[in-house]
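Asks: Just one file: my_file_35.cif, with mmCIF, C-alpha atoms.
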```
data_model
#
loop_
_atom_site.label_atom_id
_atom_site.label_comp_id
_atom_site.auth_asym_id
_atom_site.auth_seq_id
_atom_site.Cartn_x
_atom_site.Cartn_y
_atom_site.Cartn_z
CA MET I 1 5.09 -45.93 91.44
CA PRO I 2 4.70 -42.23 90.65
CA SER I 3 7.84 -40.36 89.61
CA PRO I 4 9.27 -38.32 92.51
CA GLN I 5 10.45 -35.77 89.93
CA LEU I 6 6.87 -35.15 88.77
CA VAL I 7 4.80 -35.69 91.91
CA ARG I 8 5.44 -34.61 95.49
CA TRP I 9 3.94 -37.32 97.66
CA ASN I 10 4.07 -38.49 101.24
CA PRO I 11 2.69 -42.07 101.21
CA CYS I 12 2.32 -42.26 104.99
CA LEU I 13 0.21 -39.09 105.18
CA GLU I 14 -1.58 -39.65 101.82
CA PRO I 15 -2.05 -43.44 101.71
CA HIS I 16 -5.04 -43.45 99.31
CA ARG I 17 -3.60 -41.15 96.66
CA PHE I 18 -2.20 -44.01 94.54
CA ASN I 19 -3.27 -47.66 94.34
CA ASP I 20 -1.07 -50.67 95.12
CA THR I 21 1.39 -48.68 97.22
CA GLU I 22 1.17 -50.44 100.59
CA VAL I 23 4.92 -51.11 100.75
CA LEU I 24 5.73 -47.47 100.00
CA GLN I 25 3.28 -46.41 102.71
CA ARG I 26 5.00 -48.58 105.32
CA LEU I 27 8.47 -47.34 104.32
CA SER I 28 7.30 -43.72 104.45
CA CYS I 29 5.92 -44.22 107.97
CA MET I 30 9.18 -45.89 109.04
CA ALA I 31 11.12 -42.82 107.89
CA ILE I 32 8.82 -40.55 109.90
CA LYS I 33 8.95 -42.76 113.00
CA GLY I 34 12.74 -42.98 112.92
CA ASP I 35 13.19 -39.34 111.88
CA MET I 36 15.64 -40.59 109.24
CA PHE I 37 16.31 -40.66 105.53
CA LEU I 38 15.55 -44.16 104.31
CA VAL I 39 16.61 -46.04 101.16
CA ALA I 40 14.96 -49.36 100.32
CA ASN I 41 15.02 -51.77 97.40
CA LEU I 42 11.85 -53.22 95.89
CA GLY I 43 10.22 -54.17 92.61
CA THR I 44 8.10 -51.49 90.90
CA LYS I 45 5.88 -51.48 87.83
CA GLN I 46 5.33 -48.74 85.25
CA PRO I 47 2.54 -48.84 82.63
CA CYS I 48 3.59 -48.37 79.00
CA HIS I 49 1.91 -48.26 75.60
CA SER I 50 2.45 -50.63 72.71
CA GLY I 51 3.86 -47.71 70.73
CA ASP I 52 6.68 -47.25 73.25
CA ARG I 53 10.02 -48.67 72.19
CA GLY I 54 10.60 -51.80 74.23
CA CYS I 55 7.19 -51.91 75.94
CA PRO I 56 6.59 -55.52 77.11
CA ARG I 57 3.55 -57.44 75.85
CA ASP I 58 1.70 -57.11 79.14
CA GLY I 59 1.80 -53.31 78.85
CA ARG I 60 4.05 -52.58 81.80
CA TYR I 61 7.71 -52.32 82.69
CA GLN I 62 9.02 -53.95 85.86
CA PHE I 63 12.08 -52.38 87.45
CA ASN I 64 14.48 -53.31 90.23
CA THR I 65 14.12 -50.02 92.12
CA ASN I 66 15.62 -48.15 95.05
CA VAL I 67 13.31 -45.62 96.68
CA VAL I 68 14.47 -42.72 98.83
CA PHE I 69 12.38 -41.12 101.61
CA SER I 70 13.24 -38.00 103.59
CA ASN I 71 12.84 -37.92 107.36
CA ASN I 72 9.36 -36.43 106.99
CA GLY I 73 8.21 -39.42 104.90
CA THR I 74 8.24 -37.73 101.50
CA LEU I 75 9.29 -39.84 98.52
CA VAL I 76 12.18 -37.70 97.28
CA ASP I 77 13.89 -39.88 94.65
CA SER I 78 14.21 -43.29 93.04
CA TYR I 79 16.74 -45.32 91.07
CA ARG I 80 16.02 -48.12 88.57
CA LYS I 81 18.81 -50.67 88.32
CA TYR I 82 20.58 -50.50 84.98
CA ASN I 83 23.05 -53.40 85.04
CA LEU I 84 20.86 -56.44 85.63
CA TYR I 85 22.36 -59.76 86.75
CA PHE I 86 20.21 -62.71 85.60
CA GLU I 87 17.02 -60.89 86.61
CA ALA I 88 14.40 -62.16 84.15
CA ALA I 89 11.58 -60.51 86.12
CA PHE I 90 12.96 -57.03 85.54
CA ASP I 91 13.45 -54.73 82.56
CA THR I 92 16.46 -52.53 81.83
CA PRO I 93 15.49 -48.83 81.82
CA LEU I 94 15.78 -47.19 78.43
CA GLN I 95 17.95 -44.49 80.02
CA VAL I 96 20.36 -44.64 82.94
CA ASP I 97 19.18 -43.00 86.15
CA HIS I 98 21.88 -40.90 87.84
CA THR I 99 20.24 -40.53 91.22
CA VAL I 100 21.64 -38.09 93.77
CA PHE I 101 19.68 -36.86 96.78
CA GLU I 102 20.50 -34.05 99.16
CA THR I 103 20.44 -34.27 102.96
CA PRO I 104 20.70 -31.47 105.55
CA PHE I 105 23.21 -33.44 107.64
CA ALA I 106 25.79 -34.72 105.12
CA GLY I 107 25.20 -33.18 101.72
CA LYS I 108 24.81 -35.35 98.62
CA PHE I 109 24.30 -39.11 98.46
CA GLY I 110 24.43 -41.21 95.29
CA VAL I 111 22.44 -44.41 94.83
CA PHE I 112 22.94 -47.56 92.74
CA THR I 113 22.37 -51.29 93.14
CA CYS I 114 24.47 -54.47 93.39
CA PHE I 115 26.03 -55.38 89.98
CA ASP I 116 26.08 -51.67 89.05
CA ILE I 117 29.21 -51.29 91.17
CA LEU I 118 31.31 -52.94 88.44
CA PHE I 119 30.28 -50.59 85.62
CA PHE I 120 30.88 -47.00 84.55
CA ASP I 121 27.19 -46.11 84.42
CA PRO I 122 25.82 -45.09 86.80
CA ALA I 123 28.47 -45.68 89.49
CA ILE I 124 31.48 -43.81 88.13
CA ARG I 125 29.53 -41.08 86.37
CA LEU I 126 27.79 -40.20 89.66
CA LEU I 127 31.16 -39.49 91.24
CA ARG I 128 32.03 -36.90 88.62
CA ASP I 129 29.96 -34.65 90.87
CA SER I 130 32.65 -33.82 93.42
CA GLU I 131 30.00 -33.03 96.03
CA VAL I 132 28.84 -36.67 96.14
CA LYS I 133 30.75 -37.99 99.16
CA HIS I 134 28.46 -40.86 100.12
CA ILE I 135 26.95 -43.84 98.27
CA VAL I 136 23.95 -45.91 99.38
CA PHE I 137 24.20 -49.41 97.97
CA PRO I 138 21.46 -52.08 98.34
CA ALA I 139 22.53 -55.48 97.02
CA ALA I 140 21.77 -59.17 96.63
CA TRP I 141 25.43 -60.08 96.14
CA MET I 142 26.58 -63.69 95.84
CA ASN I 143 30.08 -63.93 97.26
CA GLN I 144 32.80 -65.22 94.97
CA LEU I 145 36.28 -65.53 96.33
CA PRO I 146 39.11 -64.89 95.91
CA LEU I 147 38.36 -61.51 94.29
CA LEU I 148 34.67 -60.60 94.51
CA ALA I 149 33.27 -61.27 97.95
CA ALA I 150 30.74 -58.59 98.89
CA ILE I 151 32.86 -56.96 101.57
CA GLN I 152 35.89 -56.96 99.24
CA ILE I 153 34.32 -54.94 96.43
CA GLN I 154 32.39 -52.70 98.82
CA SER I 155 35.52 -51.75 100.75
CA ALA I 156 37.58 -51.44 97.56
CA PHE I 157 35.08 -48.99 96.05
CA ALA I 158 35.22 -46.73 99.11
CA ILE I 159 39.02 -46.74 99.09
CA ALA I 160 39.38 -46.31 95.33
CA PHE I 161 37.11 -43.27 95.12
CA GLY I 162 37.56 -41.74 98.57
CA VAL I 163 33.88 -41.95 99.53
CA ASN I 164 31.71 -43.42 102.27
CA LEU I 165 29.78 -46.49 101.09
CA LEU I 166 26.72 -47.69 103.02
CA ALA I 167 26.11 -51.23 101.76
CA ALA I 168 23.12 -53.40 102.70
CA ASN I 169 23.38 -56.90 101.25
CA ILE I 170 20.66 -59.54 101.53
CA HIS I 171 21.64 -62.02 104.25
CA HIS I 172 20.93 -65.45 102.73
CA PRO I 173 23.88 -67.78 103.48
CA SER I 174 22.47 -70.78 101.59
CA LEU I 175 22.63 -68.68 98.42
CA GLY I 176 26.10 -67.40 99.25
CA MET I 177 24.72 -63.97 100.07
CA THR I 178 26.15 -62.13 103.06
CA GLY I 179 28.36 -59.13 103.64
CA SER I 180 27.19 -55.63 104.49
CA GLY I 181 28.98 -52.65 105.95
CA ILE I 182 29.69 -48.98 106.38
CA TYR I 183 32.95 -48.34 104.56
CA THR I 184 35.23 -45.32 104.52
CA PRO I 185 38.59 -44.96 102.76
CA LEU I 186 40.47 -45.40 106.04
CA LYS I 187 38.27 -47.58 108.24
CA SER I 188 35.26 -49.84 107.85
CA VAL I 189 32.66 -51.64 109.93
CA TRP I 190 31.23 -54.74 108.29
CA HIS I 191 29.35 -57.98 108.90
CA HIS I 192 30.05 -61.26 107.07
CA ASP I 193 28.46 -64.44 108.42
CA MET I 194 27.90 -67.62 106.44
CA GLU I 195 26.85 -69.64 109.49
CA ASN I 196 23.85 -67.91 111.05
CA LEU I 197 20.53 -66.95 109.48
CA THR I 198 19.96 -63.83 111.56
CA GLY I 199 20.84 -60.43 110.13
CA HIS I 200 22.82 -57.70 111.82
CA LEU I 201 22.31 -53.95 112.27
CA ILE I 202 25.46 -51.93 111.59
CA ILE I 203 25.88 -48.46 113.08
CA ALA I 204 28.92 -46.22 112.65
CA LYS I 205 29.91 -42.58 112.75
CA VAL I 206 31.55 -41.39 109.54
CA ALA I 207 33.00 -38.10 108.36
CA ARG I 208 30.90 -35.77 106.23
CA ASN I 209 33.97 -35.30 104.06
CA PRO I 210 35.87 -38.59 104.09
CA GLN I 211 39.64 -38.43 104.01
CA GLY I 212 41.30 -40.65 101.41
CA LEU I 213 44.46 -42.68 101.74
CA VAL I 214 47.47 -40.37 101.52
CA GLY I 215 49.35 -40.54 98.22
CA THR I 216 53.02 -41.20 97.65
CA GLU I 217 54.30 -37.65 98.05
CA ASN I 218 54.72 -37.51 101.82
CA ALA I 219 53.32 -40.74 103.25
CA THR I 220 56.42 -42.89 103.05
CA ASP I 221 59.62 -42.80 105.01
CA LYS I 222 62.11 -42.91 102.15
CA MET I 223 64.57 -44.67 104.46
CA ASP I 224 62.27 -47.70 104.74
CA PRO I 225 64.36 -50.52 103.21
CA SER I 226 61.52 -52.33 101.46
CA HIS I 227 60.20 -49.14 99.90
CA GLY I 228 63.73 -48.23 98.86
CA LYS I 229 64.04 -51.57 97.04
CA PHE I 230 60.67 -51.02 95.42
CA LEU I 231 61.70 -47.58 94.16
CA LYS I 232 64.99 -48.99 92.89
CA ILE I 233 63.22 -51.62 90.83
CA LEU I 234 60.83 -49.08 89.34
CA ALA I 235 63.68 -46.71 88.56
CA GLY I 236 65.38 -49.47 86.58
CA ASP I 237 68.40 -49.73 88.85
CA PRO I 238 70.35 -52.96 88.35
CA TYR I 239 69.13 -56.03 90.14
CA CYS I 240 69.44 -59.74 89.59
CA GLU I 241 67.91 -61.18 86.44
CA LYS I 242 67.83 -64.86 85.64
CA ASP I 243 68.23 -66.17 82.13
CA SER I 244 68.11 -69.81 81.05
CA GLN I 245 71.66 -70.47 82.24
CA GLU I 246 72.58 -68.35 85.23
CA VAL I 247 71.76 -65.43 87.47
CA HIS I 248 73.38 -62.09 86.61
CA CYS I 249 73.68 -59.52 89.39
CA ASP I 250 75.09 -56.04 89.14
CA GLU I 251 75.99 -53.99 92.20
CA ALA I 252 75.95 -55.59 95.63
CA THR I 253 72.17 -55.86 95.83
CA LYS I 254 71.11 -59.50 95.83
CA TRP I 255 67.61 -60.34 94.72
CA ASN I 256 65.99 -63.69 95.20
CA MET I 257 65.23 -64.72 91.63
CA ASN I 258 65.29 -68.49 91.97
CA ALA I 259 63.51 -70.17 89.11
CA ALA I 260 59.76 -69.86 89.67
CA PRO I 261 57.82 -71.79 87.04
CA THR I 262 54.97 -70.03 85.26
CA PHE I 263 51.68 -71.91 85.29
CA TYR I 264 48.02 -71.35 84.43
CA SER I 265 44.96 -71.80 86.58
CA GLU I 266 41.33 -70.74 86.51
CA MET I 267 40.38 -67.95 88.89
CA MET I 268 36.99 -66.25 88.79
CA TYR I 269 36.34 -68.19 85.52
CA ASP I 270 39.34 -66.45 83.93
CA ASN I 271 42.59 -68.06 82.83
CA PHE I 272 45.24 -66.49 85.05
CA THR I 273 48.99 -66.70 84.49
CA LEU I 274 50.74 -67.30 87.80
CA VAL I 275 54.05 -67.94 89.53
CA PRO I 276 54.37 -69.64 92.93
CA VAL I 277 55.55 -67.67 95.96
CA TRP I 278 57.84 -70.21 97.56
CA GLU I 279 60.55 -68.27 99.33
CA LYS I 280 60.80 -66.35 102.57
CA GLU I 281 61.58 -63.17 100.64
CA GLY I 282 62.03 -62.15 97.06
CA TYR I 283 60.91 -60.32 93.96
CA LEU I 284 58.58 -61.90 91.39
CA ARG I 285 57.14 -60.70 88.11
CA VAL I 286 54.53 -62.25 85.83
CA CYS I 287 52.99 -60.84 82.63
CA ALA I 288 50.03 -61.41 80.33
CA ASN I 289 48.72 -59.34 77.39
CA GLY I 290 50.87 -56.34 78.22
CA LEU I 291 50.04 -56.19 81.94
CA CYS I 292 53.01 -57.07 84.14
CA CYS I 293 52.45 -57.64 87.86
CA SER I 294 55.30 -57.49 90.37
CA LEU I 295 55.64 -58.53 93.99
CA LEU I 296 58.39 -57.57 96.42
CA TYR I 297 57.86 -59.46 99.66
CA GLN I 298 59.19 -60.64 103.00
CA ARG I 299 57.72 -63.27 105.31
CA PRO I 300 58.61 -63.63 109.01
CA THR I 301 58.15 -67.40 108.71
CA LEU I 302 57.20 -69.81 105.95
CA SER I 303 53.81 -71.47 106.35
CA LYS I 304 52.84 -74.85 104.94
CA GLU I 305 50.66 -73.20 102.32
CA LEU I 306 50.98 -72.39 98.64
CA TYR I 307 50.69 -68.76 97.57
CA ALA I 308 50.84 -67.49 94.01
CA LEU I 309 51.15 -64.18 92.17
CA GLY I 310 48.71 -64.03 89.27
CA VAL I 311 47.87 -61.74 86.35
CA PHE I 312 44.89 -61.46 84.03
CA ASP I 313 44.38 -58.85 81.32
CA GLY I 314 41.31 -59.56 79.23
CA LEU I 315 37.56 -59.73 78.77
CA HIS I 316 35.70 -61.55 81.51
CA THR I 317 32.77 -63.38 79.87
CA VAL I 318 31.11 -65.56 82.54
CA HIS I 319 28.15 -64.16 84.52
CA GLY I 320 28.64 -60.80 82.85
CA THR I 321 30.92 -59.34 80.20
CA TYR I 322 33.47 -56.74 81.26
CA TYR I 323 37.18 -56.03 80.75
CA VAL I 324 39.53 -56.37 83.71
CA GLN I 325 43.23 -56.03 84.49
CA VAL I 326 44.12 -57.86 87.68
CA CYS I 327 47.26 -58.34 89.76
CA ALA I 328 46.60 -60.72 92.66
CA LEU I 329 48.54 -62.43 95.43
CA VAL I 330 46.35 -65.31 96.58
CA LYS I 331 46.47 -68.26 98.93
CA CYS I 332 45.77 -71.42 96.94
CA GLY I 333 43.23 -74.03 98.02
CA GLY I 334 45.90 -76.70 98.43
CA LEU I 335 49.52 -77.40 97.51
CA GLY I 336 48.86 -78.11 93.84
CA PHE I 337 49.08 -75.38 91.19
CA ASP I 338 45.57 -76.28 90.01
CA THR I 339 44.16 -75.16 93.40
CA CYS I 340 45.26 -71.56 92.90
CA GLY I 341 42.09 -69.56 92.36
CA GLN I 342 39.88 -71.71 94.54
CA GLU I 343 37.73 -70.12 97.25
CA VAL I 344 39.64 -69.85 100.53
CA THR I 345 38.69 -68.05 103.75
CA GLU I 346 41.39 -69.18 106.20
CA ALA I 347 45.15 -68.65 105.99
CA THR I 348 48.24 -68.37 108.19
CA GLY I 349 50.83 -66.89 105.83
CA VAL I 350 51.89 -63.37 106.86
CA PHE I 351 53.55 -61.03 104.37
CA GLU I 352 55.07 -57.58 104.16
CA PHE I 353 54.89 -56.60 100.53
CA HIS I 354 54.60 -54.20 97.63
CA LEU I 355 52.26 -55.33 94.84
CA TRP I 356 52.22 -53.32 91.62
CA GLY I 357 51.45 -53.34 87.91
CA ASN I 358 51.68 -51.24 84.75
CA PHE I 359 47.92 -50.70 84.52
CA SER I 360 46.42 -48.93 81.52
CA THR I 361 43.44 -47.69 83.54
CA SER I 362 43.06 -45.32 86.47
CA TYR I 363 40.04 -47.23 87.78
CA ILE I 364 41.73 -49.66 90.16
CA PHE I 365 40.07 -51.30 93.17
CA PRO I 366 42.53 -52.27 95.96
CA MET I 367 41.57 -55.43 97.84
CA LEU I 368 43.12 -56.78 101.03
CA LEU I 369 41.49 -59.73 102.80
CA THR I 370 42.90 -61.82 105.64
CA SER I 371 41.94 -65.00 107.45
CA GLY I 372 38.37 -65.21 108.73
CA MET I 373 37.07 -62.68 106.17
CA ILE I 374 38.83 -59.76 107.85
CA LEU I 375 39.40 -56.62 105.79
CA GLU I 376 42.69 -54.74 106.06
CA THR I 377 43.49 -51.22 104.90
CA PRO I 378 46.58 -50.74 102.70
CA ASP I 379 49.42 -48.73 104.23
CA GLN I 380 49.86 -46.88 100.97
CA LEU I 381 48.43 -46.73 97.45
CA GLY I 382 49.38 -44.68 94.46
CA TRP I 383 51.19 -44.22 91.18
CA GLU I 384 54.95 -44.39 90.87
CA ASN I 385 56.70 -44.30 87.48
CA ASP I 386 53.50 -45.23 85.62
CA HIS I 387 52.86 -48.20 87.89
CA TYR I 388 50.06 -48.45 90.45
CA PHE I 389 51.10 -50.03 93.74
CA LEU I 390 49.71 -51.29 97.03
CA ARG I 391 51.96 -51.47 100.06
CA LYS I 392 51.21 -53.35 103.29
CA SER I 393 53.07 -54.46 106.39
CA ARG I 394 51.94 -55.75 109.79
CA LEU I 395 49.00 -57.92 108.71
CA SER I 396 46.76 -58.88 111.62
CA SER I 397 46.39 -62.47 110.38
CA GLY I 398 47.15 -64.76 107.46
CA LEU I 399 46.74 -63.33 103.97
CA VAL I 400 43.87 -64.65 101.84
CA THR I 401 43.96 -62.14 98.95
CA ALA I 402 45.83 -58.98 98.06
CA ALA I 403 44.72 -57.64 94.70
CA LEU I 404 44.62 -54.64 92.40
CA TYR I 405 41.45 -55.07 90.37
CA GLY I 406 41.44 -52.73 87.39
CA ARG I 407 38.45 -51.97 85.16
CA LEU I 408 38.72 -50.83 81.53
CA TYR I 409 35.13 -49.72 80.98
CA GLU I 410 35.74 -48.59 77.41
CA ARG I 411 36.70 -52.15 76.39
CA ASP I 412 33.57 -53.88 77.72
#
```
Using structure tokens, write down the structure that the file contains.
Replies:
Amino acid sequence: MPSPQLVRWNPCLEPHRFNDTEVLQRLSCMAIKGDMFLVANLGTKQPCHSGDRGCPRDGRYQFNTNVVFSNNGTLVDSYRKYNLYFEAAFDTPLQVDHTVFETPFAGKFGVFTCFDILFFDPAIRLLRDSEVKHIVFPAAWMNQLPLLAAIQIQSAFAIAFGVNLLAANIHHPSLGMTGSGIYTPLKSVWHHDMENLTGHLIIAKVARNPQGLVGTENATDKMDPSHGKFLKILAGDPYCEKDSQEVHCDEATKWNMNAAPTFYSEMMYDNFTLVPVWEKEGYLRVCANGLCCSLLYQRPTLSKELYALGVFDGLHTVHGTYYVQVCALVKCGGLGFDTCGQEVTEATGVFEFHLWGNFSTSYIFPMLLTSGMILETPDQLGWENDHYFLRKSRLSSGLVTAALYGRLYERD
């Protein structure tokens, strides 16, 4: 494929200019016919010489590539995937592409692919350009609950960075691949279907300048009792603490600190430290490696399900190597502690809660998933006394996962 930076080319109008470009020709004609900008993912090849550093033996690179066409069919840009995920057929580019294209209708769009979303380059570096308000995201994402289903990370990225994310995932249920959507910080339209083989076209109107979730300054009614309790805990005001013998409570405030045993269970191939969430209301805290996760919660009714609050602060090393800090409230697969971390899609337990942690990164992805793979938007997110928190009340259905998924890129 010729470089769009070096050659101006309209494959639909100039089909014979370059050999082996039939796919590009069809995409270019689609853009013209639809009068639309079009981004598509395909494999491309690039000849190289034996003297080039890293040139494969067969004399060509093969890249996992996104191509961008304008509405007149011109090939305006491309992006070569940098963070490969078990893709033996493709090469890693020697340099990272930071691809941004301009449109007359919505300004700048950034582009990256699938596994890239978990890494600093190119995803985070693209957003240092404050004019990039939209991301186009082709993917072949294999869902992995409870923390990394496609729609979870896609929605979380849009919320975390205050951008619109247009995500097109391959729909291949037998491989665990489904989940596409148009995500904004405040509202999303998505499609997740593990039953049917047919795909789905998603159409939505989004703002040119997306509005992010409002911060802590003026979003919260300070008279809200649960938020008042949350602020009290963070401020260090006295509350009940349990030692090995008895519960000590200062003031009149009573906190539910019944003994909750700490246990360990594998979640996302990582060894999480957890405590069960047994009561109808209470305050729980669990720590690992310096990260402490807290949960202040109320439940209208107790369901016959096991929930747990978990923490992980460490290097993830399975199917990729990257450092994460995670606070997660999850529904377990059964009633045994060893089922906490299993993949679950249905739940009945409803919570009103604050979830927070003393994260040492500002790159935190908020995740909120309810029964039937339904995404929810947090009521409030933000920093308070050096802790990052997520607040939610009035869930539409049973909670599957509420998580704060932090990334420490510098420790990868």
Asks: Which residue, I:Leu38, I:Leu302, I:Ile153, I:Leu381, has the smallest gap to Trp278 in chain I when you use only C-alpha atoms?
Replies: I:Leu302
Asks: For a quick check of your reading of the model, name the residues lying within 8 Å of the coordinate (63.7, -56.3, 96.8), counting all atoms listed in the file, and write them as an mmCIF file with C-alpha atoms, in the coordinates of the input.
Replies:
```cif
data_model
loop_
_atom_site.group_PDB
_atom_site.id
_atom_site.type_symbol
_atom_site.label_atom_id
_atom_site.label_comp_id
_atom_site.auth_asym_id
_atom_site.auth_seq_id
_atom_site.Cartn_x
_atom_site.Cartn_y
_atom_site.Cartn_z
ATOM 1 C CA SER I 226 61.520 -52.330 101.460
ATOM 2 C CA LYS I 229 64.040 -51.570 97.040
ATOM 3 C CA PHE I 230 60.670 -51.020 95.420
ATOM 4 C CA ILE I 233 63.220 -51.620 90.830
ATOM 5 C CA TRP I 255 67.610 -60.340 94.720
ATOM 6 C CA ASN I 256 65.990 -63.690 95.200
ATOM 7 C CA GLY I 282 62.030 -62.150 97.060
ATOM 8 C CA TYR I 283 60.910 -60.320 93.960
ATOM 9 C CA LEU I 296 58.390 -57.570 96.420
ATOM 10 C CA TYR I 297 57.860 -59.460 99.660
#
```
Asks: Using the chain letters and numbers from the file, which residues does the PyMOL selection byres ((chain I and resi 346-355) around 9) grab, as JSON, numbers by chain?
Replies: {"I": [226, 227, 230, 293, 294, 295, 296, 297, 298, 299, 300, 301, 302, 303, 304, 305, 307, 327, 328, 329, 331, 344, 345, 356, 357, 370, 371, 372, 373, 388, 389, 390, 391, 392, 393, 394, 395, 396, 397, 398, 399, 400, 402, 403, 404]}
Asks: Given the file above and the PyMOL selection byres ((chain I and resi 406-409) around 10), which residues are selected, and can you give them as a PDB file with C-alpha atoms, in the coordinates of the input?
Replies:
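Below you can see selection-v8.pdb, which holds the result:
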```
ATOM      1  CA  LEU I 118      31.310 -52.940  88.440  1.00  0.00           C
ATOM      2  CA  PHE I 119      30.280 -50.590  85.620  1.00  0.00           C
ATOM      3  CA  PHE I 120      30.880 -47.000  84.550  1.00  0.00           C
ATOM      4  CA  ASP I 121      27.190 -46.110  84.420  1.00  0.00           C
ATOM      5  CA  ILE I 124      31.480 -43.810  88.130  1.00  0.00           C
ATOM      6  CA  PHE I 312      44.890 -61.460  84.030  1.00  0.00           C
ATOM      7  CA  ASP I 313      44.380 -58.850  81.320  1.00  0.00           C
ATOM      8  CA  GLY I 314      41.310 -59.560  79.230  1.00  0.00           C
ATOM      9  CA  LEU I 315      37.560 -59.730  78.770  1.00  0.00           C
ATOM     10  CA  TYR I 322      33.470 -56.740  81.260  1.00  0.00           C
ATOM     11  CA  TYR I 323      37.180 -56.030  80.750  1.00  0.00           C
ATOM     12  CA  VAL I 324      39.530 -56.370  83.710  1.00  0.00           C
ATOM     13  CA  GLN I 325      43.230 -56.030  84.490  1.00  0.00           C
ATOM     14  CA  VAL I 326      44.120 -57.860  87.680  1.00  0.00           C
ATOM     15  CA  CYS I 327      47.260 -58.340  89.760  1.00  0.00           C
ATOM     16  CA  PHE I 359      47.920 -50.700  84.520  1.00  0.00           C
ATOM     17  CA  SER I 360      46.420 -48.930  81.520  1.00  0.00           C
ATOM     18  CA  THR I 361      43.440 -47.690  83.540  1.00  0.00           C
ATOM     19  CA  SER I 362      43.060 -45.320  86.470  1.00  0.00           C
ATOM     20  CA  TYR I 363      40.040 -47.230  87.780  1.00  0.00           C
ATOM     21  CA  ILE I 364      41.730 -49.660  90.160  1.00  0.00           C
ATOM     22  CA  PHE I 365      40.070 -51.300  93.170  1.00  0.00           C
ATOM     23  CA  PRO I 366      42.530 -52.270  95.960  1.00  0.00           C
ATOM     24  CA  ALA I 403      44.720 -57.640  94.700  1.00  0.00           C
ATOM     25  CA  LEU I 404      44.620 -54.640  92.400  1.00  0.00           C
ATOM     26  CA  TYR I 405      41.450 -55.070  90.370  1.00  0.00           C
ATOM     27  CA  GLU I 410      35.740 -48.590  77.410  1.00  0.00           C
ATOM     28  CA  ARG I 411      36.700 -52.150  76.390  1.00  0.00           C
ATOM     29  CA  ASP I 412      33.570 -53.880  77.720  1.00  0.00           C
TER      30      ASP I 412
END
```
Asks: Write out as a short mmCIF file (atom, residue, chain, number, x, y, z; two decimals) with C-alpha atoms, keeping the file's coordinate frame which residues come within 12 Å of Lys205 in chain I when counting only C-alpha atoms, dropping same-chain ones fewer than 6 positions away.
Replies:
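The resulting file, part_2.cif, is reproduced below:
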```cif
data_model
loop_
_atom_site.label_atom_id
_atom_site.label_comp_id
_atom_site.auth_asym_id
_atom_site.auth_seq_id
_atom_site.Cartn_x
_atom_site.Cartn_y
_atom_site.Cartn_z
CA ALA I 106 25.79 -34.72 105.12
CA ASN I 164 31.71 -43.42 102.27
CA LEU I 166 26.72 -47.69 103.02
CA ILE I 182 29.69 -48.98 106.38
CA TYR I 183 32.95 -48.34 104.56
CA THR I 184 35.23 -45.32 104.52
CA LYS I 187 38.27 -47.58 108.24
CA SER I 188 35.26 -49.84 107.85
CA VAL I 189 32.66 -51.64 109.93
#
```
Asks: Expand the PyMOL selection byres ((chain I and resi 132-146) around 6) into the individual residues it matches in the shown file, reporting them as a ChimeraX atom specification.
Replies: /I:108-114,129-131,147-150,163-170,176-177,343
Asks: Could you write out the selected residues, including C-alpha atoms, as a PDB file, in the coordinates of the input?
Replies:
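Saved to part04.pdb:
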```
ATOM      1  CA  LYS I 108      24.810 -35.350  98.620  1.00  0.00           C
ATOM      2  CA  PHE I 109      24.300 -39.110  98.460  1.00  0.00           C
ATOM      3  CA  GLY I 110      24.430 -41.210  95.290  1.00  0.00           C
ATOM      4  CA  VAL I 111      22.440 -44.410  94.830  1.00  0.00           C
ATOM      5  CA  PHE I 112      22.940 -47.560  92.740  1.00  0.00           C
ATOM      6  CA  THR I 113      22.370 -51.290  93.140  1.00  0.00           C
ATOM      7  CA  CYS I 114      24.470 -54.470  93.390  1.00  0.00           C
ATOM      8  CA  ASP I 129      29.960 -34.650  90.870  1.00  0.00           C
ATOM      9  CA  SER I 130      32.650 -33.820  93.420  1.00  0.00           C
ATOM     10  CA  GLU I 131      30.000 -33.030  96.030  1.00  0.00           C
ATOM     11  CA  LEU I 147      38.360 -61.510  94.290  1.00  0.00           C
ATOM     12  CA  LEU I 148      34.670 -60.600  94.510  1.00  0.00           C
ATOM     13  CA  ALA I 149      33.270 -61.270  97.950  1.00  0.00           C
ATOM     14  CA  ALA I 150      30.740 -58.590  98.890  1.00  0.00           C
ATOM     15  CA  VAL I 163      33.880 -41.950  99.530  1.00  0.00           C
ATOM     16  CA  ASN I 164      31.710 -43.420 102.270  1.00  0.00           C
ATOM     17  CA  LEU I 165      29.780 -46.490 101.090  1.00  0.00           C
ATOM     18  CA  LEU I 166      26.720 -47.690 103.020  1.00  0.00           C
ATOM     19  CA  ALA I 167      26.110 -51.230 101.760  1.00  0.00           C
ATOM     20  CA  ALA I 168      23.120 -53.400 102.700  1.00  0.00           C
ATOM     21  CA  ASN I 169      23.380 -56.900 101.250  1.00  0.00           C
ATOM     22  CA  ILE I 170      20.660 -59.540 101.530  1.00  0.00           C
ATOM     23  CA  GLY I 176      26.100 -67.400  99.250  1.00  0.00           C
ATOM     24  CA  MET I 177      24.720 -63.970 100.070  1.00  0.00           C
ATOM     25  CA  GLU I 343      37.730 -70.120  97.250  1.00  0.00           C
TER      26      GLU I 343
END
```
Asks: Taking into account all atoms listed in the file, which residue in the set I:Gly320, I:Pro173, I:Gly51, I:Gly73 is nearest to Pro15 in chain I?
Replies: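 Distance minimum relative to Pro15 in chain I lands on I:Gly73.
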